[in-house]
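start07.cif, holding mmCIF, C-alpha atoms and all ligand atoms:
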```cif
data_coords
loop_
_atom_site.label_atom_id
_atom_site.label_comp_id
_atom_site.auth_asym_id
_atom_site.auth_seq_id
_atom_site.Cartn_x
_atom_site.Cartn_y
_atom_site.Cartn_z
CA MET A 70 11.59 -25.65 -10.70
CA ALA A 71 13.02 -22.14 -10.79
CA ILE A 72 11.38 -19.81 -8.29
CA VAL A 73 11.37 -16.12 -7.43
CA VAL A 74 11.20 -14.86 -3.87
CA THR A 75 9.44 -11.62 -2.89
CA LEU A 76 10.20 -9.52 0.16
CA ASN A 77 8.02 -6.71 1.45
CA VAL A 78 9.58 -5.11 4.52
CA GLY A 79 7.09 -2.60 5.89
CA SER A 80 7.37 -0.24 8.83
CA SER A 81 5.91 -2.85 11.17
CA SER A 82 5.77 -6.13 9.26
CA VAL A 83 7.72 -8.38 6.91
CA LYS A 84 5.80 -10.20 4.18
CA PHE A 85 7.44 -12.80 1.98
CA ALA A 86 6.48 -15.29 -0.69
CA ALA A 87 7.80 -17.66 -3.35
CA PHE A 88 6.40 -17.92 -6.88
CA ASP A 89 7.05 -19.98 -9.98
CA ALA A 90 9.65 -18.04 -11.96
CA ALA A 91 8.18 -19.12 -15.29
CA ARG A 92 4.49 -18.27 -15.02
CA ASP A 93 2.01 -16.05 -13.23
CA GLY A 94 -0.13 -17.70 -10.58
CA ALA A 95 -0.82 -17.88 -6.86
CA ALA A 96 2.15 -18.04 -4.47
CA LEU A 97 3.76 -21.41 -3.87
CA ALA A 98 4.42 -20.34 -0.26
CA ARG A 99 3.92 -17.14 1.66
CA GLY A 100 4.04 -15.69 5.14
CA GLU A 101 4.24 -12.68 7.37
CA ALA A 102 6.01 -11.61 10.55
CA ASP A 103 4.87 -8.69 12.68
CA GLY A 104 4.50 -7.40 16.23
CA PHE A 105 8.27 -6.94 16.72
CA GLY A 106 9.29 -5.97 20.22
CA SER A 107 5.97 -6.88 21.84
CA HIS A 108 3.91 -9.79 20.51
CA ALA A 109 6.02 -11.06 17.65
CA ARG A 110 4.20 -13.41 15.31
CA PHE A 111 5.43 -15.46 12.38
CA THR A 112 2.79 -17.08 10.24
CA ALA A 113 3.57 -18.89 7.03
CA GLY A 114 2.07 -21.57 4.85
CA VAL A 115 2.66 -23.52 1.67
CA GLY A 116 0.25 -23.14 -1.24
CA SER A 117 -2.63 -20.71 -1.33
CA SER A 118 -4.50 -22.49 1.46
CA GLY A 119 -1.57 -24.27 3.11
CA ALA A 120 -1.42 -24.88 6.84
CA SER A 121 0.04 -22.06 8.88
CA GLU A 122 3.14 -22.50 10.92
CA GLN A 123 4.07 -20.44 13.96
CA THR A 124 7.62 -19.82 15.07
CA PRO A 125 8.54 -19.17 18.73
CA GLU A 126 8.30 -15.45 19.46
CA THR A 127 11.80 -15.24 20.91
CA GLU A 128 13.42 -15.68 17.50
CA ILE A 129 11.95 -12.48 16.10
CA LYS A 130 13.06 -9.29 17.78
CA ASP A 131 13.16 -6.82 14.92
CA HIS A 132 13.00 -6.43 11.14
CA ALA A 133 16.39 -8.04 10.59
CA SER A 134 15.62 -11.20 12.57
CA ALA A 135 12.20 -11.40 10.88
CA VAL A 136 13.83 -11.28 7.43
CA GLN A 137 16.30 -14.00 8.44
CA ALA A 138 13.47 -16.17 9.78
CA ALA A 139 11.54 -15.61 6.53
CA PHE A 140 14.49 -16.63 4.35
CA ARG A 141 15.26 -19.70 6.47
CA TRP A 142 11.63 -20.76 6.30
CA LEU A 143 11.44 -20.21 2.53
CA ARG A 144 14.66 -22.14 1.97
CA LYS A 145 13.36 -25.05 4.04
CA GLN A 146 10.05 -25.12 2.16
CA THR A 147 11.60 -24.82 -1.26
CA SER A 148 14.79 -26.84 -0.87
CA GLY A 149 15.84 -28.18 -4.21
CA GLU A 150 14.28 -25.26 -6.07
CA GLU A 151 16.56 -22.72 -7.65
CA VAL A 152 15.97 -19.12 -6.52
CA VAL A 153 16.56 -17.09 -9.69
CA GLY A 154 15.61 -13.69 -8.32
CA VAL A 155 14.54 -11.78 -5.23
CA GLY A 156 12.01 -8.98 -5.71
CA HIS A 157 11.68 -6.18 -3.19
CA ARG A 158 8.87 -3.79 -2.52
CA ILE A 159 10.67 -0.46 -2.44
CA VAL A 160 8.47 2.33 -1.25
CA HIS A 161 10.27 5.18 -3.02
CA GLY A 162 11.68 5.21 -6.51
CA GLY A 163 11.93 9.02 -6.69
CA ALA A 164 10.96 10.94 -9.80
CA ARG A 165 13.02 8.77 -12.13
CA HIS A 166 11.79 5.21 -11.69
CA SER A 167 8.57 4.39 -13.48
CA GLN A 168 9.57 0.75 -13.99
CA PRO A 169 11.07 -2.02 -11.83
CA VAL A 170 14.87 -2.27 -12.03
CA LEU A 171 17.72 -4.61 -11.23
CA ILE A 172 19.41 -3.37 -8.07
CA GLU A 173 22.96 -2.85 -9.16
CA HIS A 174 25.48 -0.86 -7.16
CA GLU A 175 24.52 2.58 -8.52
CA VAL A 176 20.80 1.89 -8.18
CA PHE A 177 21.27 0.90 -4.54
CA ALA A 178 23.18 4.15 -3.87
CA GLU A 179 20.47 6.13 -5.64
CA LEU A 180 17.72 4.49 -3.59
CA THR A 181 19.67 5.05 -0.37
CA ALA A 182 19.74 8.76 -1.21
CA LEU A 183 15.92 8.67 -1.11
CA ASN A 184 15.88 7.46 2.53
CA SER A 185 15.05 10.92 3.83
CA LEU A 186 11.91 11.05 1.66
CA ALA A 187 10.49 7.91 3.28
CA PRO A 188 12.36 7.52 6.58
CA LEU A 189 9.98 4.94 8.08
CA HIS A 190 10.01 2.61 5.11
CA GLN A 191 12.94 3.05 2.71
CA PRO A 192 15.77 2.16 5.15
CA HIS A 193 13.94 -1.06 6.12
CA ASN A 194 13.33 -1.88 2.44
CA LEU A 195 17.01 -1.43 1.65
CA ALA A 196 18.17 -3.39 4.70
CA GLY A 197 16.01 -6.19 3.25
CA VAL A 198 17.91 -5.92 -0.04
CA GLN A 199 21.24 -6.26 1.76
CA ALA A 200 20.02 -9.22 3.80
CA ALA A 201 18.77 -10.91 0.60
CA LYS A 202 22.10 -10.34 -1.14
CA ALA A 203 23.91 -12.02 1.74
CA PHE A 204 21.43 -14.92 1.98
CA PHE A 205 21.12 -15.55 -1.77
CA PRO A 206 24.58 -14.52 -3.00
CA GLY A 207 24.84 -13.86 -6.72
CA THR A 208 21.06 -13.89 -7.19
CA PRO A 209 19.62 -10.89 -9.05
CA GLN A 210 17.77 -8.45 -6.78
CA VAL A 211 14.92 -6.44 -8.31
CA ALA A 212 13.36 -3.23 -6.98
CA CYS A 213 9.60 -2.87 -7.50
CA PHE A 214 8.42 0.61 -6.59
CA ASP A 215 5.29 1.82 -4.85
CA THR A 216 5.71 5.17 -6.57
CA ALA A 217 6.23 3.88 -10.12
CA PHE A 218 2.56 3.47 -11.08
CA HIS A 219 2.00 7.20 -10.47
CA ARG A 220 4.83 8.55 -12.58
CA ALA A 221 2.62 9.48 -15.52
CA HIS A 222 0.64 12.03 -13.46
CA PRO A 223 0.11 15.40 -15.06
CA TYR A 224 2.16 18.23 -13.52
CA VAL A 225 -0.84 19.71 -11.68
CA ALA A 226 -1.45 16.44 -9.85
CA ASP A 227 2.09 16.33 -8.49
CA VAL A 228 3.09 19.93 -7.82
CA PHE A 229 2.80 21.90 -4.57
CA ALA A 230 2.23 25.65 -4.92
CA ILE A 231 5.55 26.60 -3.34
CA PRO A 232 8.44 28.08 -5.38
CA LYS A 233 8.98 25.80 -8.33
CA SER A 234 12.64 25.14 -7.56
CA PHE A 235 11.40 22.80 -4.82
CA TYR A 236 9.51 20.71 -7.39
CA GLU A 237 12.65 20.47 -9.46
CA GLN A 238 14.54 19.32 -6.38
CA GLY A 239 12.04 16.52 -5.77
CA VAL A 240 9.53 18.13 -3.40
CA ARG A 241 6.42 16.89 -5.17
CA ARG A 242 3.62 14.38 -4.83
CA TYR A 243 4.82 10.87 -5.59
CA GLY A 244 1.84 8.76 -4.54
CA PHE A 245 2.23 5.30 -2.99
CA HIS A 246 0.47 1.90 -2.89
CA GLY A 247 1.37 1.65 -6.59
CA LEU A 248 1.94 -2.12 -6.56
CA SER A 249 -1.52 -2.63 -5.11
CA TYR A 250 -3.10 -0.24 -7.66
CA GLU A 251 -1.36 -1.93 -10.55
CA TYR A 252 -2.48 -5.35 -9.33
CA VAL A 253 -6.10 -4.21 -8.93
CA THR A 254 -6.02 -2.48 -12.33
CA MET A 255 -4.96 -5.77 -13.92
CA ALA A 256 -7.54 -7.75 -11.94
CA LEU A 257 -10.29 -5.36 -13.08
CA ARG A 258 -9.39 -6.11 -16.69
CA GLU A 259 -10.47 -9.69 -16.04
CA ILE A 260 -13.51 -8.80 -13.96
CA ASP A 261 -14.87 -6.09 -16.26
CA PRO A 262 -12.76 -5.73 -19.42
CA GLU A 263 -15.03 -3.12 -20.94
CA ARG A 264 -15.08 -0.62 -18.08
CA ALA A 265 -11.61 -1.34 -16.63
CA GLY A 266 -10.06 0.76 -19.37
CA GLY A 267 -12.31 3.70 -18.51
CA ARG A 268 -12.56 5.96 -15.47
CA VAL A 269 -11.68 3.97 -12.36
CA VAL A 270 -11.26 4.90 -8.70
CA ILE A 271 -9.45 2.41 -6.49
CA ALA A 272 -9.71 2.79 -2.73
CA HIS A 273 -6.88 0.98 -0.97
CA LEU A 274 -8.09 1.02 2.62
CA GLY A 275 -5.79 -0.77 5.05
CA ASN A 276 -3.52 0.37 7.87
CA GLY A 277 -2.19 2.67 5.20
CA ALA A 278 -5.01 4.13 3.13
CA SER A 279 -5.19 6.03 -0.13
CA MET A 280 -7.26 6.45 -3.26
CA CYS A 281 -6.15 6.54 -6.84
CA ALA A 282 -7.84 7.81 -9.97
CA VAL A 283 -7.00 5.60 -12.95
CA LYS A 284 -7.80 6.49 -16.54
CA ASP A 285 -7.06 4.18 -19.47
CA GLY A 286 -5.21 1.92 -17.02
CA ARG A 287 -2.87 4.69 -15.80
CA SER A 288 -2.81 6.57 -12.52
CA VAL A 289 -3.74 10.22 -13.02
CA ALA A 290 -4.09 11.27 -9.37
CA SER A 291 -3.51 9.88 -5.90
CA THR A 292 -4.46 11.10 -2.44
CA MET A 293 -0.98 10.28 -1.16
CA GLY A 294 1.66 12.84 -1.78
CA PHE A 295 5.25 13.68 -0.95
CA SER A 296 5.08 11.32 1.98
CA ALA A 297 2.72 8.55 2.99
CA LEU A 298 1.05 11.01 5.40
CA GLU A 299 -1.16 12.88 2.95
CA GLY A 300 -4.75 12.17 2.01
CA LEU A 301 -6.99 9.80 3.93
CA PRO A 302 -6.58 9.27 7.68
CA MET A 303 -4.96 5.89 8.39
CA GLY A 304 -4.37 3.52 11.28
CA THR A 305 -1.85 5.81 12.97
CA ARG A 306 -1.14 8.47 10.30
CA CYS A 307 -2.99 11.76 10.17
CA GLY A 308 -3.86 12.11 6.48
CA GLU A 309 -4.40 15.61 5.16
CA LEU A 310 -3.29 18.28 7.59
CA ASP A 311 -2.95 22.05 7.31
CA PRO A 312 0.83 22.70 7.29
CA GLY A 313 0.04 25.54 9.70
CA VAL A 314 -0.58 22.87 12.35
CA VAL A 315 3.01 21.67 11.98
CA LEU A 316 4.30 25.24 12.28
CA TYR A 317 2.18 25.79 15.36
CA LEU A 318 3.36 22.56 17.01
CA MET A 319 6.99 23.48 16.45
CA GLN A 320 6.91 27.22 17.04
CA GLU A 321 4.37 27.57 19.80
CA ARG A 322 4.31 24.15 21.41
CA LYS A 323 8.09 23.76 21.01
CA MET A 324 7.84 20.22 19.71
CA SER A 325 10.94 18.92 17.96
CA ALA A 326 10.80 17.68 14.37
CA ALA A 327 11.23 14.14 15.69
CA ASP A 328 8.31 14.55 18.10
CA VAL A 329 6.08 15.92 15.33
CA ALA A 330 7.06 12.98 13.11
CA THR A 331 6.15 10.51 15.85
CA LEU A 332 2.85 12.31 16.42
CA LEU A 333 1.84 12.37 12.75
CA TYR A 334 3.08 8.90 11.75
CA LYS A 335 2.43 6.85 14.88
CA GLN A 336 -0.06 8.53 17.19
CA SER A 337 -2.62 10.02 14.83
CA GLY A 338 -5.29 8.68 12.46
CA LEU A 339 -7.78 6.19 13.86
CA LEU A 340 -5.60 5.63 16.93
CA GLY A 341 -5.26 9.33 17.73
CA LEU A 342 -8.94 10.11 17.27
CA SER A 343 -10.30 7.07 19.09
CA GLY A 344 -7.67 6.94 21.83
CA LEU A 345 -8.33 3.23 21.59
CA SER A 346 -6.87 1.44 18.60
CA HIS A 347 -5.47 1.85 15.11
CA ASP A 348 -7.38 -1.23 14.07
CA MET A 349 -10.71 -0.75 12.26
CA ARG A 350 -12.05 -4.09 13.49
CA ALA A 351 -11.49 -3.06 17.10
CA LEU A 352 -13.19 0.31 16.50
CA GLU A 353 -16.17 -1.29 14.78
CA ALA A 354 -16.56 -3.62 17.75
CA SER A 355 -16.30 -0.81 20.29
CA GLU A 356 -19.16 1.01 22.01
CA SER A 357 -17.01 4.09 22.61
CA ALA A 358 -18.24 7.43 21.23
CA ASP A 359 -14.67 8.35 20.24
CA ALA A 360 -14.31 5.12 18.28
CA ARG A 361 -17.48 6.01 16.41
CA LYS A 362 -16.24 9.53 15.70
CA ALA A 363 -12.92 8.18 14.41
CA ILE A 364 -14.81 5.95 11.97
CA ASP A 365 -17.06 8.90 11.02
CA TYR A 366 -14.00 10.95 10.13
CA PHE A 367 -12.46 8.08 8.12
CA VAL A 368 -15.68 7.71 6.14
CA TYR A 369 -16.11 11.49 5.70
CA ARG A 370 -12.62 11.87 4.20
CA ALA A 371 -13.05 8.84 1.95
CA ARG A 372 -16.32 10.27 0.59
CA ARG A 373 -14.73 13.64 0.04
CA GLU A 374 -11.81 12.14 -1.86
CA LEU A 375 -14.11 9.92 -3.91
CA GLY A 376 -15.93 13.07 -5.02
CA ALA A 377 -12.63 14.76 -5.84
CA MET A 378 -11.48 11.77 -7.92
CA ALA A 379 -14.81 11.77 -9.75
CA ALA A 380 -14.35 15.46 -10.60
CA ILE A 381 -10.83 14.85 -11.93
CA LEU A 382 -11.98 11.89 -14.05
CA GLY A 383 -15.16 13.60 -15.25
CA GLY A 384 -17.30 10.82 -13.74
CA ILE A 385 -16.61 7.24 -12.73
CA ASP A 386 -17.20 3.90 -14.45
CA VAL A 387 -15.76 1.66 -11.75
CA VAL A 388 -15.02 1.91 -8.03
CA ALA A 389 -12.88 -0.86 -6.54
CA PHE A 390 -12.33 -1.45 -2.83
CA THR A 391 -9.20 -3.20 -1.63
CA GLY A 392 -6.91 -3.47 1.45
CA GLY A 393 -7.87 -4.96 4.81
CA ILE A 394 -10.73 -2.51 5.42
CA GLY A 395 -11.80 -2.17 1.78
CA GLU A 396 -11.96 -5.94 1.33
CA ASN A 397 -13.50 -6.86 4.67
CA SER A 398 -15.65 -4.09 6.09
CA ALA A 399 -19.07 -4.11 4.44
CA ALA A 400 -20.14 -1.34 6.82
CA ILE A 401 -17.38 1.03 5.71
CA ARG A 402 -18.05 0.34 2.02
CA GLU A 403 -21.74 0.95 2.59
CA ARG A 404 -21.14 4.23 4.39
CA ILE A 405 -18.68 5.50 1.80
CA CYS A 406 -21.16 4.83 -1.00
CA GLU A 407 -24.27 6.03 0.83
CA GLY A 408 -26.07 8.85 -0.97
CA MET A 409 -23.69 8.66 -3.94
CA ASP A 410 -26.51 8.15 -6.43
CA TRP A 411 -25.79 11.66 -7.77
CA LEU A 412 -22.55 10.09 -9.00
CA GLY A 413 -24.37 7.10 -10.45
CA LEU A 414 -23.13 4.84 -7.65
CA VAL A 415 -25.61 2.66 -5.77
CA LEU A 416 -24.56 -0.38 -3.72
CA ASP A 417 -26.50 -3.61 -3.54
CA ARG A 418 -26.63 -3.98 0.25
CA GLU A 419 -27.02 -7.73 0.21
CA ALA A 420 -24.24 -8.32 -2.27
CA ASN A 421 -22.07 -5.95 -0.26
CA ARG A 422 -22.74 -7.75 3.00
CA ALA A 423 -22.23 -11.14 1.35
CA LYS A 424 -18.81 -9.86 0.17
CA ARG A 425 -19.42 -10.67 -3.47
CA THR A 426 -16.99 -9.36 -6.07
CA THR A 427 -19.67 -7.12 -7.57
CA VAL A 428 -21.31 -5.03 -4.86
CA SER A 429 -23.10 -2.39 -6.97
CA ALA A 430 -26.84 -2.60 -7.62
CA GLN A 431 -28.07 -3.60 -11.07
CA ALA A 432 -29.37 -0.10 -11.67
CA SER A 433 -26.05 1.50 -10.68
CA ALA A 434 -24.26 3.22 -13.57
CA VAL A 435 -21.00 2.87 -11.65
CA GLN A 436 -19.85 -0.70 -11.09
CA ALA A 437 -18.47 -1.31 -7.60
CA TYR A 438 -16.13 -4.24 -6.98
CA VAL A 439 -14.28 -5.75 -4.05
CA VAL A 440 -10.86 -6.94 -5.19
CA ALA A 441 -8.37 -8.69 -2.91
CA THR A 442 -5.04 -7.05 -3.58
CA ASP A 443 -1.81 -9.05 -3.86
CA GLU A 444 1.29 -6.89 -3.83
CA GLU A 445 3.55 -9.94 -3.62
CA ARG A 446 2.10 -11.38 -6.81
CA MET A 447 2.56 -8.00 -8.50
CA ILE A 448 6.21 -7.95 -7.44
CA ALA A 449 6.64 -11.45 -8.90
CA ARG A 450 5.07 -10.33 -12.19
CA GLN A 451 7.34 -7.33 -12.43
CA MET A 452 10.37 -9.44 -11.60
CA ARG A 453 9.69 -11.94 -14.36
CA LYS A 454 9.76 -9.07 -16.84
CA VAL A 455 13.03 -7.68 -15.50
CA LEU A 456 14.67 -11.12 -15.38
CA ALA A 457 13.50 -11.88 -18.93
CA ARG A 458 15.19 -8.70 -20.18
CA LYS A 459 18.42 -9.60 -18.40
P1 LIG B 501 -1.59 -3.05 5.84
O1 LIG B 501 -1.75 -1.67 5.30
O2 LIG B 501 -0.74 -3.11 7.10
O3 LIG B 501 -1.27 -4.12 4.81
P2 LIG B 501 -4.19 -4.31 5.87
O4 LIG B 501 -4.46 -4.07 4.44
O5 LIG B 501 -3.97 -5.71 6.34
O6 LIG B 501 -3.03 -3.40 6.42
O7 LIG B 501 -5.45 -3.70 6.67
C1 LIG B 501 -5.50 -3.70 8.07
C2 LIG B 501 -6.81 -3.05 8.47
O8 LIG B 501 -7.90 -3.83 7.95
C3 LIG B 501 -7.00 -2.96 9.98
O9 LIG B 501 -7.56 -1.70 10.33
C4 LIG B 501 -8.01 -4.05 10.23
O10 LIG B 501 -8.79 -3.82 11.36
C5 LIG B 501 -8.85 -3.97 8.98
N1 LIG B 501 -9.67 -5.17 8.82
C6 LIG B 501 -9.28 -6.43 8.56
N2 LIG B 501 -10.34 -7.27 8.58
C7 LIG B 501 -11.43 -6.51 8.85
C8 LIG B 501 -12.82 -6.78 9.02
N3 LIG B 501 -13.32 -7.99 8.88
N4 LIG B 501 -13.64 -5.73 9.29
C9 LIG B 501 -13.15 -4.49 9.44
N5 LIG B 501 -11.86 -4.17 9.29
C10 LIG B 501 -11.00 -5.16 9.01
#
```

Would you give me this structure, written as structure tokens?
Amino acid sequence: MAIVVTLNVGSSSVKFAAFDAARDGAALARGEADGFGSHARFTAGVGSSGASEQTPETEIKDHASAVQAAFRWLRKQTSGEEVVGVGHRIVHGGARHSQPVLIEHEVFAELTALNSLAPLHQPHNLAGVQAAKAFFPGTPQVACFDTAFHRAHPYVADVFAIPKSFYEQGVRRYGFHGLSYEYVTMALREIDPERAGGRVVIAHLGNGASMCAVKDGRSVASTMGFSALEGLPMGTRCGELDPGVVLYLMQERKMSAADVATLLYKQSGLLGLSGLSHDMRALEASESADARKAIDYFVYRARRELGAMAAILGGIDVVAFTGGIGENSAAIRERICEGMDWLGLVLDREANRAKRTTVSAQASAVQAYVVATDEERMIARQMRKVLARK
């Protein structure tokens, strides 16, 4: 069998999978490595419900060793299969890429030039490409972009009101989580074909969190912007912030740019507010008042953005929750949707707590769904298209 391999090198984890190269379907094998430098973990299994395998922690020290461990594991599991392509989640495709592409020499150089726009992700993504080229020599490498799904935004959704030359030079809102949004958009077509082509808001709530307004199957607005800092508060990222705060930190508090970056990317969000954890499960389980306030703020911002998306779309037909929090926390879904009957959105509490796919009440004009995202499967789908064109 010919297979395609997917690689998703994030800021703090490496996810990988193998799929049938000929047809869409669940992964043949998949896994994840994370906790580099402290409690490294490597979990992988064959088939959608295959047994998990753990590798000794000592083998995984950083992204590079995690990628090597992933490739070795995949090769062992799929020996005899021909790897006909490796697909990479690339966080930034700049203003140009609205489609996945084969990573040829010039494309790689172009993507490297975007490193400064996504310093915590892009260099790791591209190191993954180089590692894959060395491990699977001669195999086509395909870039699948998190920004691509948002490239049809109207100008007003992407511009900042600073002199327009900056927009022309690439200082604009790109939006991220595009692979997840595209996957969920396609899944909604199966769940609710009639409404999926209408006015849809997708809330991707995980360690990274954002919302996307989708109309006629295309993204028209996203809460994430120039960087993956904007919009909703996240595990360790601040979400929306008055740029005056950054000026104050640098000018008055004499923080360096690097210190501000560490503060906003790694010490803020749920972690910064709670002083306890970046992890929603830990906060939900905590008795601490600060943990509760951190969750309150997360919910407050999500409700605010949901209202903003509804205004942009002129009403909502479907709300879909995805990501670790969106898929698993009934309490957060309930709180985000509470008192949203003015919008036509009413949850069915029991269905929501039972984690059904449909969580809206019968009388709700807006249909609410819980959809498990699968960025790896989306990468595999995009790769098949690129390889077929080749
Ligand atoms: P990433 O953005 O790294 O892919 P995930 O989508 O896996 O992250 O989401 C991780 C988040 O999901 C964490 O905050 C975690 O606590 C939260 N989460 C996972 N399961 C649950 C659960 N059962 N209840 C509440 N939160 C959960």

I'd like a table as a Markdown table: residues in chain A with an atom no more than 9 Å from ligand LIG 501 (chain B), each row giving the shortest atom pair and its distance in Å to one decimal, only C-alpha atoms and all ligand atoms counted, sorted by chain and rising residue number.
```
| residue | atom | partner | partner_atom | distance |
| --- | --- | --- | --- | --- |
| A:Gly79 | CA | B:LIG501 | O2 | 7.9 |
| A:Ser80 | CA | B:LIG501 | O2 | 8.8 |
| A:Ser81 | CA | B:LIG501 | O2 | 7.8 |
| A:Ser82 | CA | B:LIG501 | O2 | 7.5 |
| A:His273 | CA | B:LIG501 | O4 | 7.8 |
| A:Leu274 | CA | B:LIG501 | O4 | 6.5 |
| A:Gly275 | CA | B:LIG501 | O7 | 3.4 |
| A:Asn276 | CA | B:LIG501 | O1 | 3.7 |
| A:Gly277 | CA | B:LIG501 | O1 | 4.4 |
| A:Ala278 | CA | B:LIG501 | O1 | 7.0 |
| A:Met303 | CA | B:LIG501 | O9 | 8.3 |
| A:Gly304 | CA | B:LIG501 | O9 | 6.2 |
| A:Leu339 | CA | B:LIG501 | O9 | 8.6 |
| A:Ser346 | CA | B:LIG501 | O9 | 8.9 |
| A:His347 | CA | B:LIG501 | O9 | 6.3 |
| A:Asp348 | CA | B:LIG501 | O9 | 3.8 |
| A:Met349 | CA | B:LIG501 | O10 | 3.7 |
| A:Arg350 | CA | B:LIG501 | O10 | 3.9 |
| A:Ala351 | CA | B:LIG501 | O10 | 6.4 |
| A:Leu352 | CA | B:LIG501 | O10 | 7.9 |
| A:Glu353 | CA | B:LIG501 | C9 | 6.9 |
| A:Thr391 | CA | B:LIG501 | O4 | 7.8 |
| A:Gly392 | CA | B:LIG501 | O4 | 3.9 |
| A:Gly393 | CA | B:LIG501 | O7 | 3.3 |
| A:Ile394 | CA | B:LIG501 | O8 | 4.0 |
| A:Gly395 | CA | B:LIG501 | O8 | 7.5 |
| A:Glu396 | CA | B:LIG501 | N2 | 7.5 |
| A:Asn397 | CA | B:LIG501 | N3 | 4.4 |
| A:Ser398 | CA | B:LIG501 | N4 | 4.1 |
| A:Ala399 | CA | B:LIG501 | N4 | 7.5 |
| A:Ala400 | CA | B:LIG501 | C9 | 8.1 |
| A:Ile401 | CA | B:LIG501 | C9 | 7.9 |
| A:Thr442 | CA | B:LIG501 | O4 | 8.6 |
```

Exercise. Report the distance between CA of Ser429 (chain A) and CA of Ala272 (chain A) in Å, rounded to one decimal place.
Key: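 That distance, rounded to one decimal, is 15.0 Å.
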
Practice problem: Mind checking which residues fall within 10 Å of region 179-193 of chain A, counting only C-alpha atoms, ignoring those fewer than 6 positions away in the same chain, and posting them as JSON, numbers by chain? | Solution: {"A": [77, 78, 79, 80, 81, 83, 132, 133, 158, 159, 160, 161, 162, 163, 172, 173, 199, 212, 239, 240, 295, 296, 297, 330, 334]}

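Nearest to Val211 (chain A) of all the residues A:Phe245, A:Phe367, A:Phe177, A:Tyr250 is A:Phe177, counting only C-alpha atoms.
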
Can you build me a table of region 179-270 of chain A residues sitting at most 12 Å from region 135-141 of chain A, with the closest atom pair per residue and its distance in Å to one decimal, using all atoms listed in the file, sorted by chain and residue number, as JSON lines?
```
{"residue": "A:His193", "atom": "CA", "partner": "A:Val136", "partner_atom": "CA", "distance": 10.3}
{"residue": "A:Asn194", "atom": "CA", "partner": "A:Val136", "partner_atom": "CA", "distance": 10.7}
{"residue": "A:Leu195", "atom": "CA", "partner": "A:Val136", "partner_atom": "CA", "distance": 11.9}
{"residue": "A:Ala196", "atom": "CA", "partner": "A:Val136", "partner_atom": "CA", "distance": 9.4}
{"residue": "A:Gly197", "atom": "CA", "partner": "A:Val136", "partner_atom": "CA", "distance": 6.9}
{"residue": "A:Val198", "atom": "CA", "partner": "A:Val136", "partner_atom": "CA", "distance": 10.1}
{"residue": "A:Gln199", "atom": "CA", "partner": "A:Val136", "partner_atom": "CA", "distance": 10.6}
{"residue": "A:Ala200", "atom": "CA", "partner": "A:Val136", "partner_atom": "CA", "distance": 7.5}
{"residue": "A:Ala201", "atom": "CA", "partner": "A:Phe140", "partner_atom": "CA", "distance": 8.1}
{"residue": "A:Lys202", "atom": "CA", "partner": "A:Phe140", "partner_atom": "CA", "distance": 11.3}
{"residue": "A:Ala203", "atom": "CA", "partner": "A:Gln137", "partner_atom": "CA", "distance": 10.3}
{"residue": "A:Phe204", "atom": "CA", "partner": "A:Phe140", "partner_atom": "CA", "distance": 7.5}
{"residue": "A:Phe205", "atom": "CA", "partner": "A:Phe140", "partner_atom": "CA", "distance": 9.1}
```

Practice problem: Identify which of the residues A:Ala423, A:Val155, A:Val428, A:Ala178 lies closest to Val388 (chain A), counting all atoms listed in the file when measuring atom-to-atom distances. | Solution: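 When distances to Val388 (chain A) are compared using all atoms listed in the file, the smallest one comes from A:Val428.
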
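Here CA of Arg373 (chain A) stands at a distance of 13.1 Å from CA of Cys281 (chain A).
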
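Atom to atom, CA of Ile271 (chain A) and CA of Ser288 (chain A) stand 9.9 Å apart.
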